[in-house]
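Shown next: structure03.txt, containing compact mmCIF, C-alpha atoms.
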# COMPACT_ATOMS: atom_id res chain seq x y z
CA GLN W 20 98.93 102.64 117.76
CA VAL W 21 98.87 102.91 113.98
CA GLN W 22 97.57 106.25 112.74
CA LEU W 23 97.34 107.71 109.27
CA VAL W 24 96.46 111.35 108.62
CA GLU W 25 95.83 112.66 105.13
CA SER W 26 96.27 116.31 104.16
CA GLY W 27 96.68 118.49 101.11
CA GLY W 28 93.23 118.22 99.60
CA GLY W 29 91.28 121.20 98.35
CA LEU W 30 89.64 122.89 95.41
CA VAL W 31 91.62 123.10 92.17
CA GLN W 32 90.77 124.00 88.57
CA PRO W 33 90.93 121.39 85.82
CA GLY W 34 94.52 120.97 84.67
CA GLY W 35 95.86 121.99 88.05
CA SER W 36 97.95 120.10 90.59
CA LEU W 37 97.76 119.05 94.22
CA ARG W 38 100.06 117.08 96.47
CA LEU W 39 98.47 114.88 99.08
CA SER W 40 100.37 113.74 102.15
CA CYS W 41 99.80 110.70 104.32
CA ALA W 42 101.55 111.11 107.66
CA ALA W 43 102.04 107.84 109.49
CA SER W 44 102.67 107.26 113.19
CA GLY W 45 102.97 104.24 115.43
CA PHE W 46 104.91 102.11 112.97
CA ALA W 47 108.00 102.10 110.76
CA LEU W 48 106.81 103.17 107.34
CA ASP W 49 109.43 101.24 105.38
CA TYR W 50 107.96 97.87 106.37
CA TYR W 51 104.50 98.78 105.15
CA ALA W 52 102.83 99.14 101.80
CA ILE W 53 100.90 102.37 101.47
CA GLY W 54 97.95 102.73 99.16
CA TRP W 55 95.88 105.66 98.01
CA PHE W 56 92.22 105.07 97.29
CA ARG W 57 89.33 107.39 96.47
CA GLN W 58 85.59 107.37 96.82
CA VAL W 59 82.65 109.41 95.60
CA PRO W 60 79.19 109.20 97.14
CA GLY W 61 77.24 106.19 95.94
CA LYS W 62 80.23 104.41 94.48
CA GLU W 63 82.72 101.89 95.80
CA ARG W 64 86.10 102.99 97.01
CA GLU W 65 88.57 102.49 94.16
CA GLU W 66 92.31 102.11 93.95
CA VAL W 67 94.47 105.02 92.82
CA SER W 68 98.08 104.11 93.54
CA CYS W 69 100.28 102.23 95.95
CA ILE W 70 103.88 101.70 96.93
CA SER W 71 105.10 98.30 98.00
CA SER W 72 106.63 97.31 101.35
CA ARG W 73 110.43 97.64 101.64
CA SER W 74 110.57 99.00 98.12
CA SER W 75 110.07 102.01 95.93
CA SER W 76 108.04 99.92 93.48
CA SER W 77 104.84 101.77 92.69
CA TYR W 78 101.60 100.91 90.92
CA TYR W 79 98.81 102.97 89.43
CA ALA W 80 95.24 102.65 88.28
CA ASP W 81 94.92 103.12 84.52
CA SER W 82 92.84 106.25 85.07
CA VAL W 83 95.74 108.10 86.74
CA LYS W 84 98.82 106.67 85.00
CA GLY W 85 101.08 109.40 83.70
CA ARG W 86 99.38 112.05 85.84
CA PHE W 87 99.86 110.90 89.45
CA THR W 88 103.11 109.98 91.21
CA ILE W 89 103.42 108.25 94.58
CA SER W 90 106.55 108.53 96.70
CA ARG W 91 107.64 107.80 100.25
CA ASP W 92 109.94 109.61 102.66
CA ASN W 93 110.80 107.08 105.35
CA ALA W 94 112.70 109.66 107.41
CA LYS W 95 109.52 111.74 107.67
CA ASN W 96 107.25 108.69 107.87
CA THR W 97 105.19 110.24 105.10
CA VAL W 98 103.89 109.13 101.72
CA TYR W 99 102.98 111.65 99.04
CA LEU W 100 100.66 111.57 96.06
CA GLN W 101 101.54 114.21 93.48
CA MET W 102 98.52 114.77 91.26
CA ASN W 103 98.97 116.68 88.01
CA SER W 104 96.66 117.45 85.10
CA LEU W 105 93.67 117.02 87.34
CA LYS W 106 90.27 116.34 85.81
CA PRO W 107 86.76 116.83 87.21
CA GLU W 108 86.42 113.04 87.42
CA ASP W 109 89.26 113.01 89.94
CA THR W 110 86.93 114.67 92.43
CA ALA W 111 86.58 112.39 95.45
CA ILE W 112 87.60 111.82 99.03
CA TYR W 113 91.12 110.42 98.99
CA TYR W 114 92.18 107.90 101.63
CA CYS W 115 95.55 106.42 102.44
CA ALA W 116 95.91 102.95 103.85
CA ALA W 117 98.75 100.91 105.34
CA GLN W 118 99.51 97.21 105.50
CA PHE W 119 102.54 95.37 106.85
CA ALA W 120 104.54 93.17 104.44
CA LEU W 121 102.43 93.70 101.34
CA TYR W 122 104.38 93.30 98.14
CA GLY W 123 103.98 93.89 94.45
CA SER W 124 100.78 94.86 92.70
CA SER W 125 98.70 93.30 95.48
CA CYS W 126 99.11 96.67 97.17
CA LEU W 127 96.42 97.98 94.79
CA VAL W 128 93.80 95.69 96.32
CA ARG W 129 91.63 97.56 98.81
CA GLY W 130 90.80 94.46 100.85
CA ASN W 131 94.47 93.83 101.67
CA TYR W 132 94.69 96.84 104.00
CA ALA W 133 94.09 96.85 107.74
CA TYR W 134 94.71 100.51 108.54
CA TRP W 135 92.99 103.54 107.05
CA GLY W 136 93.04 107.29 107.42
CA ARG W 137 89.94 109.48 107.54
CA GLY W 138 90.42 110.99 104.11
CA THR W 139 90.87 114.37 102.48
CA GLN W 140 88.52 115.96 99.97
CA VAL W 141 89.76 116.78 96.48
CA THR W 142 87.47 118.84 94.26
CA VAL W 143 88.38 119.60 90.65
CA SER W 144 86.10 122.26 89.25
CA SER W 145 86.18 125.54 87.36

Conversion result in structure tokens:
Amino acid sequence: QVQLVESGGGLVQPGGSLRLSCAASGFALDYYAIGWFRQVPGKEREEVSCISSRSSSSYYADSVKGRFTISRDNAKNTVYLQMNSLKPEDTAIYYCAAQFALYGSSCLVRGNYAYWGRGTQVTVSS
């Protein structure tokens, strides 16, 4: 059974950093694309970053380029999202998602994912 569990969220001041983790179980991570998405109340869930299947190729939304870095550790079956220079507008619930055999920038498309975690809250505030 595919399961995704996010962790690492919390309260941080503007300019600070957090590292989110997405722990996967029930499947071999390497064969799956993993995406990070975020959502605030009243708005649609939006893409943040993703890493392609069978690859270290990564993609980012324009709003986080240069500040966020996605990486995968296949041995630990975990994907990380390092978030630096955080801004108040980064406040949201962050979700990770997984999809088998998803390649290239299509991993940024929310509708391409079958499996989702429950999310972790990130709040950026002074």

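The smallest atom-to-atom distance between W:Gln58 and any of W:Leu105, W:Ala120, W:Ala111, W:Ala94, using only C-alpha atoms, is found for W:Ala111.
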
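The gap separating atom CA of W:Gly35 from atom CA of W:Ala117 is 27.4 Å, in Å to one decimal.
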
### Summary
note - atom CA of W:Gly136 and atom CA of W:Gly123 are separated by 21.6 Å

### Summary
Taken to one decimal, the atom CA of W:Tyr134-atom CA of W:Pro107 distance is 28.0 Å

### Task
Excluding W:Trp135 and residues on its chain fewer than 2 positions from it, collect all residues at most 9 Å away from it, counting all atoms listed in the file, and give them as a VMD selection string.
chain W and resid 22 to 24 114 to 117 132 to 133 137 to 138

Those same residues - C-alpha atoms - I'd like them written as a tab-separated table (two decimals), keeping the file's coordinate frame.
chain	number	residue	atom	x	y	z
W	22	GLN	CA	97.57	106.25	112.74
W	23	LEU	CA	97.34	107.71	109.27
W	24	VAL	CA	96.46	111.35	108.62
W	114	TYR	CA	92.18	107.90	101.63
W	115	CYS	CA	95.55	106.42	102.44
W	116	ALA	CA	95.91	102.95	103.85
W	117	ALA	CA	98.75	100.91	105.34
W	132	TYR	CA	94.69	96.84	104.00
W	133	ALA	CA	94.09	96.85	107.74
W	137	ARG	CA	89.94	109.48	107.54
W	138	GLY	CA	90.42	110.99	104.11

### Task
With all atoms listed in the file counted, which protein, DNA or RNA residues have an atom no more than 8 Å from (83.3, 116.4, 96.9) in the file frame? Please answer as a PyMOL selection string.
chain W and resi 59+110-112+140-142

Selection file, C-alpha atoms, as a CSV table (one decimal), keeping the file's coordinate frame:
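Dumped everything to selection.csv:
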chain,number,residue,atom,x,y,z
W,59,VAL,CA,82.6,109.4,95.6
W,110,THR,CA,86.9,114.7,92.4
W,111,ALA,CA,86.6,112.4,95.4
W,112,ILE,CA,87.6,111.8,99.0
W,140,GLN,CA,88.5,116.0,100.0
W,141,VAL,CA,89.8,116.8,96.5
W,142,THR,CA,87.5,118.8,94.3

### Task
Compare W:Val21, W:Val67, W:Leu30, W:Leu121 by their minimum atom-to-atom distance to W:Ser145, counting all atoms listed in the file, and give me the closest one.
W:Leu30

### Task
List the neighbours of W:Leu39 out to 10 Å using only C-alpha atoms; skip same-chain residues closer than 5 positions along the sequence, and give me the result as a list in words.
Glu25, Ser26, Gly27, Gly28, Gly29, Trp55, Ile89, Val98, Tyr99, Leu100, Gln101, Met102, Tyr113, Tyr114, Cys115, Thr139 and Val141 of chain W

So that I have them on file, write out the residues from the current selection with C-alpha atoms, as a short mmCIF file (atom, residue, chain, number, x, y, z; two decimals), in the coordinates of the input.
data_model
loop_
_atom_site.label_atom_id
_atom_site.label_comp_id
_atom_site.auth_asym_id
_atom_site.auth_seq_id
_atom_site.Cartn_x
_atom_site.Cartn_y
_atom_site.Cartn_z
CA GLU W 25 95.83 112.66 105.13
CA SER W 26 96.27 116.31 104.16
CA GLY W 27 96.68 118.49 101.11
CA GLY W 28 93.23 118.22 99.60
CA GLY W 29 91.28 121.20 98.35
CA TRP W 55 95.88 105.66 98.01
CA ILE W 89 103.42 108.25 94.58
CA VAL W 98 103.89 109.13 101.72
CA TYR W 99 102.98 111.65 99.04
CA LEU W 100 100.66 111.57 96.06
CA GLN W 101 101.54 114.21 93.48
CA MET W 102 98.52 114.77 91.26
CA TYR W 113 91.12 110.42 98.99
CA TYR W 114 92.18 107.90 101.63
CA CYS W 115 95.55 106.42 102.44
CA THR W 139 90.87 114.37 102.48
CA VAL W 141 89.76 116.78 96.48
#
